[in-house]
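Structure file my_file15.cif; described as mmCIF, C-alpha atoms.
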data_work
loop_
_atom_site.label_atom_id
_atom_site.label_comp_id
_atom_site.auth_asym_id
_atom_site.auth_seq_id
_atom_site.Cartn_x
_atom_site.Cartn_y
_atom_site.Cartn_z
CA MET Z 1 53.97 140.34 116.09
CA LYS Z 2 52.89 136.95 117.41
CA PRO Z 3 54.39 134.76 114.67
CA LEU Z 4 57.73 136.47 115.21
CA PHE Z 5 57.76 135.42 118.87
CA ILE Z 6 57.04 131.85 117.94
CA LEU Z 7 59.85 131.94 115.42
CA ALA Z 8 62.26 133.30 118.03
CA ALA Z 9 61.25 130.60 120.51
CA LEU Z 10 61.69 127.96 117.84
CA ALA Z 11 65.14 129.25 116.95
CA ALA Z 12 66.15 129.12 120.62
CA ALA Z 13 64.93 125.55 120.93
CA VAL Z 14 66.81 124.48 117.82
CA GLY Z 15 69.94 126.20 119.11
CA CYS Z 16 69.77 124.27 122.38
CA GLY Z 17 69.29 121.00 120.55
CA ALA Z 18 72.39 121.57 118.44
CA ALA Z 19 74.48 122.39 121.51
CA SER Z 20 73.54 119.19 123.33
CA ALA Z 21 74.06 117.08 120.19
CA GLN Z 22 77.53 118.53 119.54
CA LYS Z 23 79.27 116.21 121.98
CA SER Z 24 78.25 113.10 120.08
CA ALA Z 25 79.26 114.27 116.59
CA ALA Z 26 82.36 112.08 116.56
CA ASP Z 27 80.34 109.18 117.96
CA GLY Z 28 77.78 109.79 115.25
CA ILE Z 29 80.43 109.50 112.55
CA ALA Z 30 81.84 106.36 114.19
CA GLU Z 31 78.34 104.88 114.20
CA TYR Z 32 77.87 105.82 110.55
CA ARG Z 33 81.15 104.13 109.61
CA LYS Z 34 80.11 101.03 111.57
CA MET Z 35 76.88 100.85 109.59
CA LEU Z 36 78.74 101.14 106.30
CA GLU Z 37 81.46 98.67 107.22
CA ASP Z 38 79.39 95.69 106.15
CA GLY Z 39 79.08 96.99 102.63
CA ASN Z 40 82.40 98.71 102.08
CA PRO Z 41 82.70 99.24 98.31
CA ALA Z 42 86.49 99.02 98.79
CA GLU Z 43 85.83 95.29 98.42
CA LEU Z 44 84.93 95.89 94.79
CA PHE Z 45 88.33 97.56 94.23
CA GLU Z 46 90.01 94.77 96.16
CA ALA Z 47 88.50 92.21 93.79
CA LYS Z 48 89.47 94.32 90.78
CA GLY Z 49 93.03 94.67 92.10
CA GLU Z 50 93.38 90.95 92.66
CA ALA Z 51 92.26 90.26 89.10
CA LEU Z 52 94.71 92.88 87.79
CA TRP Z 53 97.54 91.37 89.84
CA LYS Z 54 97.06 87.99 88.14
CA GLN Z 55 96.14 89.21 84.68
CA LYS Z 56 98.73 89.28 81.88
CA ARG Z 57 98.84 92.93 80.80
CA GLY Z 58 100.99 95.61 79.22
CA PRO Z 59 103.37 95.58 76.26
CA LYS Z 60 105.21 92.57 77.72
CA SER Z 61 101.95 90.74 78.44
CA ALA Z 62 102.98 89.68 81.93
CA SER Z 63 101.24 89.45 85.29
CA LEU Z 64 102.47 91.14 88.46
CA GLU Z 65 102.84 87.83 90.27
CA GLY Z 66 106.63 88.18 90.08
CA CYS Z 67 106.54 91.63 91.69
CA ASP Z 68 108.70 91.97 94.80
CA LEU Z 69 106.94 94.16 97.36
CA GLY Z 70 109.72 93.65 99.90
CA LYS Z 71 108.98 90.14 101.10
CA GLY Z 72 110.16 88.33 97.98
CA PRO Z 73 108.74 88.03 94.45
CA GLY Z 74 104.99 87.51 94.46
CA VAL Z 75 104.53 87.72 98.26
CA VAL Z 76 101.57 89.98 98.95
CA LYS Z 77 100.55 89.01 102.48
CA GLY Z 78 102.26 91.15 105.09
CA ALA Z 79 103.97 93.41 102.54
CA PHE Z 80 101.76 96.44 103.19
CA VAL Z 81 102.64 96.83 106.88
CA GLU Z 82 106.37 97.01 106.02
CA LEU Z 83 106.13 99.69 103.35
CA PRO Z 84 107.70 102.11 102.46
CA ARG Z 85 111.05 100.33 102.50
CA TYR Z 86 114.35 100.29 100.60
CA PHE Z 87 114.54 98.33 97.34
CA ALA Z 88 117.94 97.38 95.99
CA ASP Z 89 116.85 97.05 92.34
CA THR Z 90 115.63 100.64 92.09
CA ASN Z 91 118.08 101.89 94.74
CA ARG Z 92 115.29 103.89 96.34
CA VAL Z 93 112.95 103.82 99.28
CA GLN Z 94 109.49 103.25 97.80
CA ASP Z 95 105.95 103.27 99.07
CA LEU Z 96 103.31 100.80 97.93
CA GLU Z 97 102.04 102.82 94.99
CA SER Z 98 105.42 103.87 93.58
CA ARG Z 99 106.63 100.28 93.99
CA LEU Z 100 103.63 98.97 92.07
CA VAL Z 101 104.39 101.40 89.25
CA SER Z 102 108.03 100.18 89.21
CA CYS Z 103 106.79 96.61 88.91
CA MET Z 104 104.35 97.56 86.17
CA ALA Z 105 107.26 99.15 84.29
CA ALA Z 106 109.81 96.38 84.87
CA LEU Z 107 107.55 93.35 84.43
CA GLN Z 108 104.75 94.54 82.17
CA GLY Z 109 106.56 97.19 80.16
CA PHE Z 110 104.38 100.15 81.09
CA ASN Z 111 105.87 103.64 80.98
CA ALA Z 112 106.36 104.62 84.63
CA ASP Z 113 106.68 108.36 83.93
CA GLU Z 114 103.46 108.34 81.96
CA ILE Z 115 101.57 106.64 84.80
CA ALA Z 116 103.04 109.12 87.30
CA LYS Z 117 101.82 112.00 85.13
CA THR Z 118 98.29 110.58 84.75
CA PRO Z 119 95.80 112.38 87.03
CA PHE Z 120 94.32 110.32 89.87
CA GLY Z 121 91.23 108.38 88.92
CA ARG Z 122 92.12 108.10 85.22
CA GLY Z 123 93.52 105.30 83.10
CA GLU Z 124 96.32 103.29 84.67
CA GLN Z 125 96.16 105.34 87.89
CA ASN Z 126 92.81 103.66 88.56
CA ASN Z 127 94.52 100.30 88.23
CA VAL Z 128 97.36 101.34 90.55
CA THR Z 129 94.77 102.31 93.20
CA ALA Z 130 92.92 99.01 92.78
CA LEU Z 131 96.19 97.07 93.04
CA ALA Z 132 97.18 99.04 96.15
CA THR Z 133 93.77 98.25 97.67
CA TYR Z 134 94.28 94.55 96.99
CA VAL Z 135 97.81 94.50 98.44
CA ALA Z 136 96.71 96.46 101.54
CA SER Z 137 93.76 94.13 102.11
CA ALA Z 138 96.09 91.13 102.27
CA SER Z 139 97.68 92.61 105.43
CA ARG Z 140 94.47 93.57 107.16
CA GLY Z 141 94.72 93.02 110.91
CA GLN Z 142 98.53 92.92 110.89
CA ARG Z 143 100.60 95.49 112.76
CA PHE Z 144 102.83 98.12 111.21
CA ASN Z 145 106.51 97.38 111.46
CA LEU Z 146 108.46 99.43 108.93
CA PRO Z 147 112.10 98.45 108.51
CA GLN Z 148 114.67 101.06 109.54
CA SER Z 149 117.79 98.95 109.10
CA HIS Z 150 118.99 100.47 105.82
CA ALA Z 151 120.72 103.88 105.98
CA GLN Z 152 118.40 105.26 103.27
CA GLU Z 153 115.32 104.26 105.28
CA ARG Z 154 116.59 106.18 108.32
CA HIS Z 155 117.58 109.04 106.03
CA LEU Z 156 114.07 109.24 104.59
CA TYR Z 157 112.55 109.21 108.06
CA GLU Z 158 114.58 112.33 108.86
CA ILE Z 159 113.55 113.97 105.57
CA GLY Z 160 109.94 113.02 106.26
CA LYS Z 161 110.10 114.61 109.69
CA ARG Z 162 111.37 117.86 108.17
CA VAL Z 163 108.71 117.80 105.44
CA PHE Z 164 106.06 117.14 108.09
CA TYR Z 165 107.09 120.19 110.14
CA PHE Z 166 107.89 122.43 107.16
CA ARG Z 167 105.67 125.49 107.20
CA GLY Z 168 104.86 127.32 103.99
CA GLY Z 169 102.24 128.33 101.47
CA PRO Z 170 99.77 131.23 101.71
CA TYR Z 171 98.38 129.88 105.01
CA ASP Z 172 101.81 129.26 106.55
CA PHE Z 173 100.70 125.69 107.22
CA SER Z 174 102.60 122.50 107.87
CA CYS Z 175 101.30 118.94 108.23
CA ALA Z 176 102.00 119.41 111.95
CA SER Z 177 99.57 122.37 112.12
CA CYS Z 178 96.69 119.89 112.01
CA HIS Z 179 98.32 116.54 112.79
CA GLY Z 180 100.86 117.55 115.44
CA GLU Z 181 98.77 117.18 118.59
CA ASP Z 182 95.77 115.28 119.94
CA GLY Z 183 92.17 116.43 119.70
CA LYS Z 184 92.35 118.57 116.55
CA ARG Z 185 89.65 118.44 113.91
CA ILE Z 186 88.57 119.84 110.56
CA ARG Z 187 84.84 120.58 110.80
CA LEU Z 188 83.54 117.34 112.34
CA GLN Z 189 86.43 115.11 111.33
CA ASP Z 190 88.77 114.16 114.14
CA LEU Z 191 92.37 114.38 112.98
CA PRO Z 192 94.92 111.79 114.02
CA ASN Z 193 98.10 112.90 115.74
CA LEU Z 194 100.69 111.57 113.29
CA THR Z 195 103.76 112.35 115.38
CA LYS Z 196 103.14 109.13 117.33
CA ASN Z 197 101.11 105.93 116.99
CA PRO Z 198 97.58 107.36 116.66
CA GLY Z 199 95.96 103.98 117.38
CA ASP Z 200 94.75 100.94 115.45
CA GLY Z 201 93.23 101.63 112.06
CA VAL Z 202 93.72 105.40 112.25
CA GLY Z 203 95.83 107.67 110.04
CA PHE Z 204 98.49 105.75 108.13
CA ALA Z 205 96.77 102.45 109.04
CA ALA Z 206 93.47 103.45 107.37
CA TRP Z 207 94.47 104.18 103.76
CA PRO Z 208 93.71 103.14 100.97
CA ALA Z 209 90.12 104.00 101.82
CA TYR Z 210 86.79 104.32 100.02
CA ARG Z 211 85.29 107.79 100.35
CA VAL Z 212 81.51 107.59 100.42
CA SER Z 213 80.94 111.30 99.75
CA ASN Z 214 82.52 111.19 96.31
CA GLY Z 215 82.45 107.44 95.64
CA GLN Z 216 86.19 107.30 95.06
CA MET Z 217 88.88 104.93 96.20
CA TRP Z 218 91.89 106.82 97.55
CA GLY Z 219 95.41 105.55 98.07
CA MET Z 220 97.94 107.23 100.35
CA GLN Z 221 99.40 109.21 97.43
CA LEU Z 222 96.07 110.87 96.71
CA ARG Z 223 95.45 111.34 100.43
CA LEU Z 224 98.72 113.28 100.73
CA ASN Z 225 98.01 115.16 97.53
CA ASP Z 226 94.72 116.38 98.97
CA CYS Z 227 96.36 117.29 102.29
CA TYR Z 228 98.69 119.57 100.33
CA ARG Z 229 95.74 121.01 98.43
CA GLN Z 230 94.08 121.89 101.72
CA GLN Z 231 97.30 123.57 102.84
CA ARG Z 232 97.39 125.46 99.50
CA PHE Z 233 100.80 124.01 98.74
CA PRO Z 234 101.79 123.12 95.19
CA TYR Z 235 100.85 119.51 94.42
CA PRO Z 236 103.65 117.06 95.10
CA GLY Z 237 104.61 114.73 92.26
CA PHE Z 238 103.19 111.20 92.26
CA GLY Z 239 105.53 108.89 94.16
CA SER Z 240 107.96 111.78 94.75
CA GLU Z 241 110.66 111.51 97.40
CA ALA Z 242 108.82 114.03 99.60
CA THR Z 243 105.58 112.00 99.69
CA VAL Z 244 107.47 108.75 100.29
CA ALA Z 245 109.48 110.42 103.06
CA VAL Z 246 106.32 111.65 104.82
CA SER Z 247 104.92 108.14 104.48
CA VAL Z 248 108.06 106.70 106.11
CA PHE Z 249 107.69 109.23 108.92
CA MET Z 250 104.02 108.34 109.49
CA GLY Z 251 104.58 104.61 109.05
CA VAL Z 252 107.50 104.37 111.47
CA ASN Z 253 105.57 106.47 114.02
CA ALA Z 254 102.60 104.12 113.64
CA LYS Z 255 104.71 101.08 114.63
CA GLY Z 256 102.46 98.52 116.31
CA ALA Z 257 99.22 100.00 114.96
CA GLU Z 258 96.86 97.47 113.42
CA SER Z 259 96.14 98.01 109.74
CA MET Z 260 92.46 98.46 108.92
CA ALA Z 261 93.04 99.31 105.26
CA PRO Z 262 91.14 99.34 103.00
CA SER Z 263 88.77 101.26 105.22
CA ILE Z 264 85.70 103.39 104.62
CA LYS Z 265 85.58 107.14 105.07
CA ARG Z 266 82.86 109.73 105.07
CA MET F 1 81.85 95.51 80.59
CA THR F 2 80.32 95.04 84.02
CA ASP F 3 82.21 94.20 87.20
CA PRO F 4 81.13 91.33 89.43
CA MET F 5 78.94 91.80 92.50
CA ARG F 6 79.98 90.70 95.95
CA ILE F 7 77.23 88.60 97.48
CA ARG F 8 77.26 87.14 100.97
CA ALA F 9 74.39 85.12 102.42
CA GLN F 10 74.53 83.99 106.01
CA ALA F 11 71.93 81.82 107.72
CA ALA F 12 71.10 82.35 111.38
CA GLY F 13 68.27 80.15 112.55
CA ASP F 14 65.20 80.64 110.37
CA LYS F 15 66.48 83.82 108.77
CA THR F 16 69.18 84.41 106.21
CA THR F 17 70.77 87.80 105.73
CA VAL F 18 71.86 88.52 102.17
CA ARG F 19 74.31 91.36 101.55
CA VAL F 20 75.00 92.53 98.02
CA LEU F 21 77.58 95.03 96.87
CA MET F 22 77.22 96.13 93.26
CA SER F 23 79.78 97.92 91.14
CA HIS F 24 78.05 100.66 89.17
CA GLU F 25 78.57 104.34 88.37
CA MET F 26 74.92 105.29 89.07
CA GLU F 27 75.02 108.58 87.15
CA THR F 28 71.94 110.70 87.79
CA GLY F 29 71.99 112.62 84.53
CA GLN F 30 72.10 115.85 86.56
CA ARG F 31 75.84 116.36 86.55
CA LYS F 32 77.95 118.20 84.05
CA ASP F 33 81.51 117.30 83.11
CA SER F 34 84.46 119.70 83.03
CA ALA F 35 83.51 120.78 79.49
CA GLY F 36 80.00 121.74 80.65
CA LYS F 37 78.30 118.83 78.90
CA THR F 38 75.67 116.82 80.74
CA VAL F 39 76.89 113.44 81.89
CA PRO F 40 74.20 111.08 80.59
CA ALA F 41 72.10 109.20 83.13
CA TRP F 42 73.31 105.68 83.76
CA PHE F 43 71.84 103.75 86.63
CA ILE F 44 70.50 100.38 87.68
CA GLN F 45 66.76 100.14 87.01
CA GLU F 46 65.77 96.65 87.98
CA VAL F 47 67.08 94.41 90.70
CA SER F 48 65.88 90.90 91.35
CA ALA F 49 66.92 88.12 93.68
CA SER F 50 65.97 84.48 93.83
CA HIS F 51 66.46 81.68 96.31
CA ASN F 52 66.88 78.24 94.70
CA GLY F 53 65.19 79.61 91.57
CA LYS F 54 62.20 81.08 93.42
CA PRO F 55 61.97 84.90 93.22
CA VAL F 56 62.29 86.51 96.65
CA LEU F 57 62.87 90.16 95.79
CA SER F 58 62.30 92.48 92.89
CA ALA F 59 62.95 96.19 92.99
CA GLN F 60 62.84 99.19 90.70
CA TRP F 61 65.66 101.62 91.27
CA GLY F 62 66.24 105.16 90.15
CA PRO F 63 69.04 107.70 89.96
CA ALA F 64 68.76 108.52 93.70
CA VAL F 65 70.58 105.31 94.64
CA SER F 66 74.26 105.87 95.41
CA LYS F 67 77.27 104.85 93.37
CA ASN F 68 78.47 101.28 94.10
CA PRO F 69 75.20 100.44 95.86
CA PHE F 70 74.88 98.15 98.86
CA LEU F 71 71.70 96.11 99.31
CA GLN F 72 70.81 94.00 102.32
CA PHE F 73 67.69 91.91 102.81
CA THR F 74 66.52 88.98 104.92
CA ILE F 75 64.82 85.85 103.64
CA LYS F 76 63.09 83.11 105.57
CA GLY F 77 63.63 79.41 105.33
CA ALA F 78 66.97 79.25 103.48
CA LYS F 79 69.48 76.59 104.53
CA ALA F 80 73.24 76.36 104.18
CA GLY F 81 74.15 75.34 100.64
CA ASP F 82 71.11 77.00 99.06
CA LYS F 83 71.71 79.12 96.01
CA ILE F 84 71.04 82.87 95.95
CA VAL F 85 71.06 84.59 92.57
CA VAL F 86 71.00 88.37 92.22
CA SER F 87 70.73 90.25 88.95
CA TRP F 88 70.37 93.83 87.81
CA VAL F 89 69.58 95.63 84.58
CA ASP F 90 70.56 99.25 84.00
CA ASN F 91 68.98 101.90 81.80
CA LYS F 92 71.44 101.16 78.99
CA GLY F 93 70.22 97.58 78.95
CA GLU F 94 73.41 96.21 80.41
CA ALA F 95 72.79 93.36 82.82
CA ARG F 96 74.70 91.40 85.39
CA THR F 97 73.90 88.21 87.28
CA ASP F 98 75.94 86.75 90.11
CA GLU F 99 75.29 83.99 92.60
CA ALA F 100 76.32 82.87 96.04
CA THR F 101 75.63 79.94 98.32
CA VAL F 102 74.16 80.36 101.77
CA SER F 103 76.64 79.68 104.55
#

Would you mind writing the file out in C-alpha cells?
Amino acid sequence: MKPLFILAALAAAVGCGAASAQKSAADGIAEYRKMLEDGNPAELFEAKGEALWKQKRGPKSASLEGCDLGKGPGVVKGAFVELPRYFADTNRVQDLESRLVSCMAALQGFNADEIAKTPFGRGEQNNVTALATYVASASRGQRFNLPQSHAQERHLYEIGKRVFYFRGGPYDFSCASCHGEDGKRIRLQDLPNLTKNPGDGVGFAAWPAYRVSNGQMWGMQLRLNDCYRQQRFPYPGFGSEATVAVSVFMGVNAKGAESMAPSIKR
Amino acid sequence: MTDPMRIRAQAAGDKTTVRVLMSHEMETGQRKDSAGKTVPAWFIQEVSASHNGKPVLSAQWGPAVSKNPFLQFTIKGAKAGDKIVVSWVDNKGEARTDEATVS
C-alpha cells in the first residue's frame, strides 16, 4: 500500500506545479523566441532569395530586378508593407507571392499556372518562398500602410471581410472563430485578433516566418492554407482571389503595425 | 551544392562572440518518406573554427542536431578585423567553408 500513497502524493505535487506554471506559458514561448532570434534560419532563406532575385533564370534567362512590386521596377525596400495592392498590368489586386509569380512569368518566362499548382516546399514554390522572405526582410521595421485608393482594393477589402467571417466546413468555423477577439489561443499559442491592429510584429506583420518545429519557411499563402486545413475547409488555390482578399483585410486592419517579417515561430 | 553559412563575430572587450548559422537538411536516417522508404541519413559530422588560422573549436556532430543549425561560441583575445573561418563536413563528404571578420 505504501508505494501507492507516495505515488498519489507525487501526482498531487506535480499537479500543483503545472497549475502555477500555467500563467507563464505565453511568457515562456516569448522567451524561447527571444533566444532563437539571434540565429533565425530565415536569414538563410533571405540570402537565398536575394541571390535568386539577382540571378538570370528561366526560359528567358532574366533576373527579377525589373520586377515592379508596387513601388516601381526593381524597388524592393518598402514594397512589402504596401502589399497586397492593385497592379495595372495584371488588372488585379495581388499579394507578394502572387505578384512574384507574375513577375517570374512575365520577365523570366516561367509558367505561372504550373508554379501555382506546385505543392508548397517543392520546386519553384521553394524559390517563391525564398524570394518573398527576401522582399519582406527589406521592409523590416517599417509600418504597414496598404493603399486603399483604387476601387478594386476597397472591393477586395470588403470581400476579405466576408471571407473572414464566413462560417462553414464540418466544424462550422470561420477565421473569426479564432481570430475575432482578444485573448484566444490554440493550445499554448496566443492568437492575434485580426479584426484590428494586433500590435507590432504580430499576425500579418510576422509572416513569412521560419517554423522551428518542422524546419520550414512559410509565406502568408501557406499560412492561410494551413489555417483552412485546421478549419477543415477545402484548400484555397495558391494566390487565389479569396486568399488575397483575406490578406487585404488583415493588412489594412494592421495599418501602423511594425513589420517583423521574416520572423521565427515555434 | 551547399548553401553559404551566415557568420557574425562581434568583439566586446576581451571576448568575441561568434554566431554561425548553417544551411543543412540534417536528416537523421530515422524518417520515412511518403512512399515508406527510409530517408537516408545526411548530417554534419565535423565542425571546426579558426581565428587567424589558429584552431579555436572542433566538434563532432550527430543526427540529433537540428535542421539549419545555429552555433554560438566565445573566443578570447580576438580584435576587430581578425579573420574567423568556420567549416563543416557532412557524412556524404560534402564540405563547406565560410569566413567572417570580427567587428

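Residue list for chain Z within 10 Å of chain F: Leu36, Asp38, Gly39, Asn40, Pro41, Ala42, Glu43, Leu44, Phe45, Ala47, Lys48, Val212, Ser213, Asn214, Gly215 and Gln216 of chain Z, counting only C-alpha atoms.
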
Exercise for review: Might you spell out which residues the PyMOL selection byres ((chain Z and resi 151-165) around 10) would select in the displayed file, as number ranges by chain?
Suggested key: Z: 84-87, 91-94, 146-150, 166-168, 173-177, 179-180, 194-195, 241-253

Check your understanding: Do you have the CA of Thr38 in chain F-CA of Glu124 in chain Z distance handy?
Key ->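 Between these atoms lies a distance of 25.0 Å.
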
Review point. Expressed in Å to a single decimal, how great is the separation between CA of Gly62 in chain F and CA of Ala100 in chain F?
Key: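 Calculated distance between CA of Gly62 in chain F and CA of Ala100 in chain F is 25.2 Å.
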
Point to revise | Residue contacts of Pro55 in chain F (10 Å, all atoms listed in the file) excluding same-chain residues fewer than 4 positions away, as a ChimeraX atom specification | key: /F:48-51,84-86

Exercise for review: Evaluate the PyMOL selection byres ((chain F and resi 18) around 7) here and jot the selected residues down as an MDAnalysis selection string.
Suggested key: chainID F and resid 8:10 16:17 19:20 72:74

Practice item. Any chance you could resolve the PyMOL selection byres ((chain Z and resi 140) around 12) against this file and give the residues as a ChimeraX atom specification? Key: /Z:46,76-81,133-139,141-144,200-201,205-208,257-263

Check your understanding: Which is closest to Val65 in chain F among F:Glu46, F:Asp82, F:Asp98, F:Asp33, if we use all atoms listed in the file?
Key -> F:Glu46

Point to revise | Shell of 7 Å around range 102-110 of chain Z, all atoms listed in the file, local chain residues under 5 positions omitted, as a ChimeraX atom specification | key: /Z:57-64,67

Polymer residues at most 7 Å from Glu27 in chain F, all atoms listed in the file, same-chain spacing of 3 or more positions, as an mmCIF file with C-alpha atoms, keeping the file's coordinate frame:
data_model
loop_
_atom_site.group_PDB
_atom_site.id
_atom_site.type_symbol
_atom_site.label_atom_id
_atom_site.label_comp_id
_atom_site.auth_asym_id
_atom_site.auth_seq_id
_atom_site.Cartn_x
_atom_site.Cartn_y
_atom_site.Cartn_z
ATOM 1 C CA ALA F 41 72.100 109.200 83.130
ATOM 2 C CA TRP F 42 73.310 105.680 83.760
ATOM 3 C CA PHE F 43 71.840 103.750 86.630
ATOM 4 C CA PRO F 63 69.040 107.700 89.960
#

Check your understanding: What gap, in Å, lies between CA of Asp113 in chain Z and CA of Gly239 in chain Z?
Key ->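 According to the coordinates, CA of Asp113 in chain Z and CA of Gly239 in chain Z are separated by 10.3 Å.
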
Exercise for review: Please provide the set of residues having any atom within 7 Å of Val89 in chain F, restricted to all atoms listed in the file, with same-chain residues fewer than 2 positions apart removed, written as a ChimeraX atom specification.
Suggested key: /F:44-47,91,93-96

**Study point:** Residue nearest Gly81 in chain F - candidates F:Met26, F:Lys54, F:Val102, F:Val39, atoms counted: all atoms listed in the file
**Key:** F:Val102

Check your understanding: Excluding same-chain residues fewer than 2 positions from Asn225 in chain Z, what lies within 10 Å of it counting only C-alpha atoms, as number ranges by chain?
Key -> Z: 120, 219-223, 227-231, 233-238, 243

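Distance check against Leu52 in chain Z using only C-alpha atoms: of Z:Asn111, Z:Thr118, Z:Asn126, Z:Ser98, the minimum falls on Z:Asn126.
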